[in-house]
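Colleague: PDB, C-alpha atoms, file entry-v8.pdb:
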```pdb
ATOM      1  CA  MET A 127      -2.657  11.189 -13.004
ATOM      2  CA  LYS A 128      -6.345  10.390 -13.540
ATOM      3  CA  LEU A 129      -7.308   7.231 -11.680
ATOM      4  CA  ASP A 130     -10.323   5.788  -9.883
ATOM      5  CA  LYS A 131      -8.833   6.671  -6.466
ATOM      6  CA  GLN A 132      -7.427   9.883  -5.026
ATOM      7  CA  SER A 133      -4.021  10.404  -6.624
ATOM      8  CA  ALA A 134      -2.462  13.066  -4.369
ATOM      9  CA  PHE A 135      -2.847  14.272  -0.790
ATOM     10  CA  PRO A 136      -2.303  17.880   0.307
ATOM     11  CA  PRO A 137       0.158  18.378   3.174
ATOM     12  CA  PHE A 138      -1.085  18.421   6.766
ATOM     13  CA  GLN A 139      -0.283  21.117   9.342
ATOM     14  CA  LEU A 140      -0.231  20.238  13.052
ATOM     15  CA  ASN A 141       1.090  22.434  15.861
ATOM     16  CA  GLY A 142       3.346  24.340  13.480
ATOM     17  CA  CYS A 143       4.707  21.158  11.874
ATOM     18  CA  HIS A 144       4.347  20.582   8.148
ATOM     19  CA  TYR A 145       3.720  16.970   7.084
ATOM     20  CA  ASP A 146       4.443  16.542   3.380
ATOM     21  CA  LEU A 147       2.448  13.713   1.795
ATOM     22  CA  SER A 148       3.848  13.949  -1.743
ATOM     23  CA  HIS A 149       5.605  10.591  -1.283
ATOM     24  CA  LEU A 150       2.095   9.090  -1.507
ATOM     25  CA  ASN A 151       1.235  10.664  -4.858
ATOM     26  CA  ALA A 152       0.066   8.150  -7.444
ATOM     27  CA  HIS A 153       2.853   6.863  -9.658
ATOM     28  CA  ILE A 154       3.707   4.168 -12.174
ATOM     29  CA  VAL A 155       5.879   1.159 -11.390
ATOM     30  CA  ASP A 156       7.133  -1.280 -14.012
ATOM     31  CA  TYR A 157       7.758  -4.760 -12.614
ATOM     32  CA  VAL A 158       9.945  -6.986 -14.795
ATOM     33  CA  GLN A 159       9.502 -10.733 -14.561
ATOM     34  CA  PRO A 160      12.820 -12.231 -15.691
ATOM     35  CA  ALA A 161      13.017 -14.654 -18.606
ATOM     36  CA  LEU A 162      12.821 -18.273 -17.518
ATOM     37  CA  GLY A 163      13.525 -21.189 -19.838
ATOM     38  CA  GLN A 164      11.472 -20.658 -23.008
ATOM     39  CA  LYS A 165       9.532 -17.742 -21.511
ATOM     40  CA  THR A 166      10.769 -14.267 -22.372
ATOM     41  CA  ALA A 167      10.958 -11.470 -19.827
ATOM     42  CA  MET A 168       7.633  -9.748 -19.177
ATOM     43  CA  THR A 169       7.022  -6.193 -17.967
ATOM     44  CA  TYR A 170       3.896  -5.379 -15.981
ATOM     45  CA  ARG A 171       3.071  -1.672 -15.714
ATOM     46  CA  PHE A 172       1.051  -0.838 -12.600
ATOM     47  CA  TYR A 173      -0.589   2.457 -11.741
ATOM     48  CA  VAL A 174      -0.119   2.767  -7.981
ATOM     49  CA  SER A 175      -2.235   4.788  -5.555
ATOM     50  CA  TYR A 176      -2.485   5.022  -1.788
ATOM     51  CA  SER A 177      -5.328   5.334   0.687
ATOM     52  CA  MET A 178      -5.375   7.917   3.455
ATOM     53  CA  HIS A 179      -5.489   4.930   5.836
ATOM     54  CA  CYS A 180      -1.705   4.813   5.360
ATOM     55  CA  PHE A 181      -1.358   7.975   7.492
ATOM     56  CA  THR A 182      -4.625   8.314   9.451
ATOM     57  CA  LYS A 183      -6.180   6.387  12.348
ATOM     58  CA  ALA A 184      -8.943   7.017  14.868
ATOM     59  CA  TYR A 185      -8.032   5.602  18.270
ATOM     60  CA  ALA A 186     -10.646   4.651  20.881
ATOM     61  CA  HIS A 187      -8.744   6.544  23.606
ATOM     62  CA  GLN A 188      -8.984   9.854  21.702
ATOM     63  CA  SER A 189     -11.665  12.330  22.703
ATOM     64  CA  GLU A 190     -13.877  13.856  20.018
ATOM     65  CA  ALA A 191     -11.991  17.147  20.479
ATOM     66  CA  GLU A 192      -8.646  15.380  19.910
ATOM     67  CA  LYS A 193      -9.992  13.641  16.816
ATOM     68  CA  GLN A 194     -11.280  16.938  15.420
ATOM     69  CA  ALA A 195      -7.932  18.663  16.054
ATOM     70  CA  LEU A 196      -6.201  15.902  14.060
ATOM     71  CA  MET A 197      -8.836  15.627  11.310
ATOM     72  CA  TYR A 198      -7.456  15.165   7.808
ATOM     73  CA  VAL A 199     -10.064  15.745   5.117
ATOM     74  CA  ALA A 200      -9.562  13.919   1.813
ATOM     75  CA  GLU A 201     -11.781  13.778  -1.272
ATOM     76  CA  LYS A 202     -14.149  11.097   0.031
ATOM     77  CA  GLU A 203     -13.565  10.752   3.762
ATOM     78  CA  ALA A 204     -12.071  12.339   6.858
ATOM     79  CA  ARG A 205     -10.024  10.641   9.599
ATOM     80  CA  PRO A 206      -7.630  11.772  12.333
ATOM     81  CA  PHE A 207      -4.010  12.190  11.217
ATOM     82  CA  CYS A 208      -1.601   9.709  12.848
ATOM     83  CA  VAL A 209       2.049  10.755  13.179
ATOM     84  CA  GLU A 210       3.254   7.153  13.657
ATOM     85  CA  ARG A 211       1.518   5.918  10.508
ATOM     86  CA  TYR A 212       2.799   8.984   8.656
ATOM     87  CA  GLN A 213       6.413   8.199   9.656
ATOM     88  CA  PHE A 214       6.044   4.593   8.496
ATOM     89  CA  SER A 215       4.368   5.724   5.246
ATOM     90  CA  LYS A 216       7.694   7.166   4.118
ATOM     91  CA  TYR A 217       8.826   3.564   3.487
ATOM     92  CA  LEU A 218       5.903   2.834   1.161
ATOM     93  CA  PRO A 219       7.317   4.030  -2.192
ATOM     94  CA  ASP A 220      10.385   1.781  -1.803
ATOM     95  CA  ILE A 221       8.305  -1.132  -0.510
ATOM     96  CA  ILE A 222       6.029  -0.856  -3.531
ATOM     97  CA  LYS A 223       8.923  -0.548  -6.016
ATOM     98  CA  ASN A 224      10.344  -3.800  -4.605
ATOM     99  CA  LEU A 225       7.036  -5.614  -4.161
ATOM    100  CA  ALA A 226       7.815  -8.247  -6.803
ATOM    101  CA  ASN A 227      10.767  -9.405  -4.666
ATOM    102  CA  ALA A 228       8.967  -9.236  -1.314
ATOM    103  CA  LYS A 229       7.255 -11.994   0.620
ATOM    104  CA  ILE A 230       3.562 -11.334   0.142
ATOM    105  CA  GLY A 231       0.510 -13.261   1.222
ATOM    106  CA  PHE A 232      -3.252 -13.313   1.407
ATOM    107  CA  ALA A 233      -4.633 -10.785   3.894
ATOM    108  CA  GLY A 234      -8.398 -11.325   3.517
ATOM    109  CA  TYR A 235     -11.082  -9.321   1.701
ATOM    110  CA  ASP A 236      -9.248  -9.638  -1.650
ATOM    111  CA  ASN A 237      -6.225  -7.933  -0.073
ATOM    112  CA  PHE A 238      -2.640  -9.060  -0.213
ATOM    113  CA  ALA A 239       0.051  -7.908   2.205
ATOM    114  CA  THR A 240       3.724  -7.674   2.901
ATOM    115  CA  ILE A 241       4.804  -7.047   6.470
ATOM    116  CA  GLU A 242       8.543  -7.046   7.102
ATOM    117  CA  ILE A 243      10.803  -4.003   6.666
ATOM    118  CA  MET A 244      14.141  -2.705   7.880
ATOM    119  CA  ASP A 245      13.903   0.747   9.461
ATOM    120  CA  GLU A 246      16.458   3.563   9.138
ATOM    121  CA  LYS A 247      18.522   1.960  11.945
ATOM    122  CA  GLN A 248      18.489  -1.402  10.104
ATOM    123  CA  ILE A 249      16.181  -2.906  12.716
ATOM    124  CA  LYS A 250      13.617  -5.416  11.487
ATOM    125  CA  ARG A 251      10.080  -4.033  11.945
ATOM    126  CA  PHE A 252       6.688  -5.446  11.096
ATOM    127  CA  TYR A 253       4.650  -3.143   8.888
ATOM    128  CA  LYS A 254       1.484  -4.553   7.394
ATOM    129  CA  VAL A 255       0.943  -3.136   3.920
ATOM    130  CA  ALA A 256      -2.438  -4.260   2.596
ATOM    131  CA  PHE A 257      -3.111  -3.773  -1.099
ATOM    132  CA  VAL A 258      -5.533  -4.744  -3.834
ATOM    133  CA  MET A 259      -4.756  -5.443  -7.471
ATOM    134  CA  TYR A 260      -7.306  -4.959 -10.232
ATOM    135  CA  ARG A 261      -7.885  -3.504 -13.684
ATOM    136  CA  PHE A 262      -9.342  -0.069 -14.351
ATOM    137  CA  GLN A 263      -9.760   1.368 -17.844
ATOM    138  CA  LYS A 264      -7.348  -1.221 -19.256
ATOM    139  CA  LYS A 265      -4.715  -0.264 -16.665
ATOM    140  CA  LEU A 266      -3.222  -2.631 -14.121
ATOM    141  CA  ARG A 267      -3.907  -1.039 -10.741
ATOM    142  CA  LEU A 268      -2.279  -1.495  -7.386
ATOM    143  CA  HIS A 269      -3.976   0.374  -4.542
ATOM    144  CA  ILE A 270      -2.535   0.384  -1.042
ATOM    145  CA  SER A 271      -5.689   0.224   1.061
ATOM    146  CA  SER A 272      -3.954   0.472   4.436
ATOM    147  CA  ALA A 273      -0.519   0.303   6.039
ATOM    148  CA  TYR A 274       0.320   0.242   9.723
ATOM    149  CA  PRO A 275       2.939  -1.060  12.162
ATOM    150  CA  ILE A 276       2.156  -4.306  13.968
ATOM    151  CA  GLU A 277       3.789  -5.773  17.076
ATOM    152  CA  LYS A 278       4.421  -9.313  15.896
ATOM    153  CA  TRP A 279       4.738 -11.304  12.706
ATOM    154  CA  GLU A 280       1.487 -12.464  11.118
ATOM    155  CA  LYS A 281       1.761 -15.696   9.180
ATOM    156  CA  LEU A 282       0.161 -15.211   5.773
ATOM    157  CA  LYS A 283      -0.453 -17.843   3.111
ATOM    158  CA  PRO A 284       2.137 -16.969   0.462
ATOM    159  CA  VAL A 285       1.266 -15.907  -3.056
ATOM    160  CA  GLY A 286       3.575 -14.951  -5.912
ATOM    161  CA  PHE A 287       3.451 -11.357  -7.115
ATOM    162  CA  PHE A 288       3.958 -12.333 -10.753
ATOM    163  CA  LYS A 289       1.204 -14.962 -10.498
ATOM    164  CA  LEU A 290      -1.172 -12.168  -9.462
ATOM    165  CA  ALA A 291       0.094  -9.825 -12.186
ATOM    166  CA  HIS A 292      -0.132 -12.504 -14.887
ATOM    167  CA  ASN A 293      -3.694 -13.482 -13.962
ATOM    168  CA  LEU A 294      -4.727  -9.842 -13.858
ATOM    169  CA  LEU A 295      -3.229  -9.121 -17.270
ATOM    170  CA  GLN A 296      -4.891 -12.217 -18.761
ATOM    171  CA  GLY A 297      -8.300 -11.322 -17.293
ATOM    172  CA  LYS A 298      -8.265 -14.407 -15.054
ATOM    173  CA  SER A 299      -9.421 -14.538 -11.451
ATOM    174  CA  LEU A 300      -6.778 -13.804  -8.876
ATOM    175  CA  PRO A 301      -5.784 -16.845  -6.819
ATOM    176  CA  LYS A 302      -7.534 -17.416  -3.495
ATOM    177  CA  PRO A 303      -5.959 -18.948  -0.391
ATOM    178  CA  TYR A 304      -6.579 -22.634   0.219
ATOM    179  CA  ARG A 305      -8.759 -23.198   3.235
TER     180      ARG A 305
END
```
Hey, can you dump this file as structure tokens for me?
Modeller:
Amino acid sequence: MKLDKQSAFPPFQLNGCHYDLSHLNAHIVDYVQPALGQKTAMTYRFYVSYSMHCFTKAYAHQSEAEKQALMYVAEKEARPFCVERYQFSKYLPDIIKNLANAKIGFAGYDNFATIEIMDEKQIKRFYKVAFVMYRFQKKLRLHISSAYPIEKWEKLKPVGFFKLAHNLLQGKSLPKPYR
């Protein structure tokens, strides 16, 4: 898929372990806004891509040698691979498919985020998924700029997914949080 961001990530090898990243390949998601009153149902087709920040992280406690041993080299940058972020990244495709039904809010720097998930043991976890929405070559784009586990809930000013999608499709500015 030809997009303005990297659309696939090669697997990573670490200490004999193979980390498949194909779950973060770019893909298309159709979000259907149900009919309401006089308004008919509307489908928004988004071209979704992910940043390497979803599975990489440089930590201050790491030595330069440790960082180099973990280095993941992508098309435009290199960062140390992070096993924890990688494990959480496996939730991203499902999170993104269900984004229209999720609680999302303003996360600063033109980013929006959703941060609550249920892990494989059905335990509530906080996972901040920051994303941007924009148009590129007449396509609606959704790019996950970063995703990482957080310790506690962050209160975000809510925003409706379909409000963002509608404004984007109409060429209007995306809403901003009230100050």
Colleague: I would like the residues chosen by the PyMOL selection byres ((chain A and resi 279) around 10) on the shown file; could you give them as a list in words?
Modeller: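 In the shown coordinates, the PyMOL selection byres ((chain A and resi 279) around 10) covers Ile241, Glu242, Arg251, Phe252, Tyr253, Lys254, Ile276, Glu277, Lys278, Glu280, Lys281 and Leu282 of chain A.
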Colleague: List the neighbours of segment 263-275 of chain A out to 8 Å using all atoms listed in the file; skip same-chain residues closer than 5 positions along the sequence, and give me the result as a ChimeraX atom specification.
Modeller: /A:170-181,211,214-215,251-258,294-295
Colleague: Just the residues within 9 Å of Ile221 of chain A, please, counting all atoms listed in the file, with nothing from its chain fewer than 5 positions along; format it as a list in words.
Modeller: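 After dropping sequence-adjacent residues, the list is Ala228, Thr240, Ile243 and Val255 of chain A.
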Colleague: Take the point (-6.1, 12.1, 8.5) as written in the file and pick out every residue within 12 Å of it, counting all atoms listed in the file; give the list as JSON, numbers by chain.
Modeller: {"A": [135, 136, 137, 138, 139, 140, 145, 147, 177, 178, 179, 180, 181, 182, 183, 184, 185, 193, 194, 195, 196, 197, 198, 199, 200, 201, 202, 203, 204, 205, 206, 207, 208, 209, 210, 211, 212]}
Colleague: Report the distance between atom CA of Val158 of chain A and atom CA of Ala134 of chain A in Å, rounded to one decimal place.
Modeller: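 Here the two named atoms are 25.8 Å from each other.
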Colleague: Atom CA of Asn293 of chain A to atom CA of Tyr260 of chain A: how many Å, to one decimal?
Modeller: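 Straight-line distance from atom CA of Asn293 of chain A to atom CA of Tyr260 of chain A works out to 10.0 Å.
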Colleague: For the atom pair atom CA of Tyr217 of chain A and atom CA of Phe262 of chain A, what is the interatomic distance in Å to one decimal place?
Modeller: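 Between atom CA of Tyr217 of chain A and atom CA of Phe262 of chain A the gap is 25.7 Å.
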Colleague: Between A:Ser299, A:Ser133, A:Thr169, A:Asn237, which has the minimum distance to Ala152 of chain A (counting only C-alpha atoms)?
Modeller: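 Counting only C-alpha atoms, the residue closest to Ala152 of chain A is A:Ser133.
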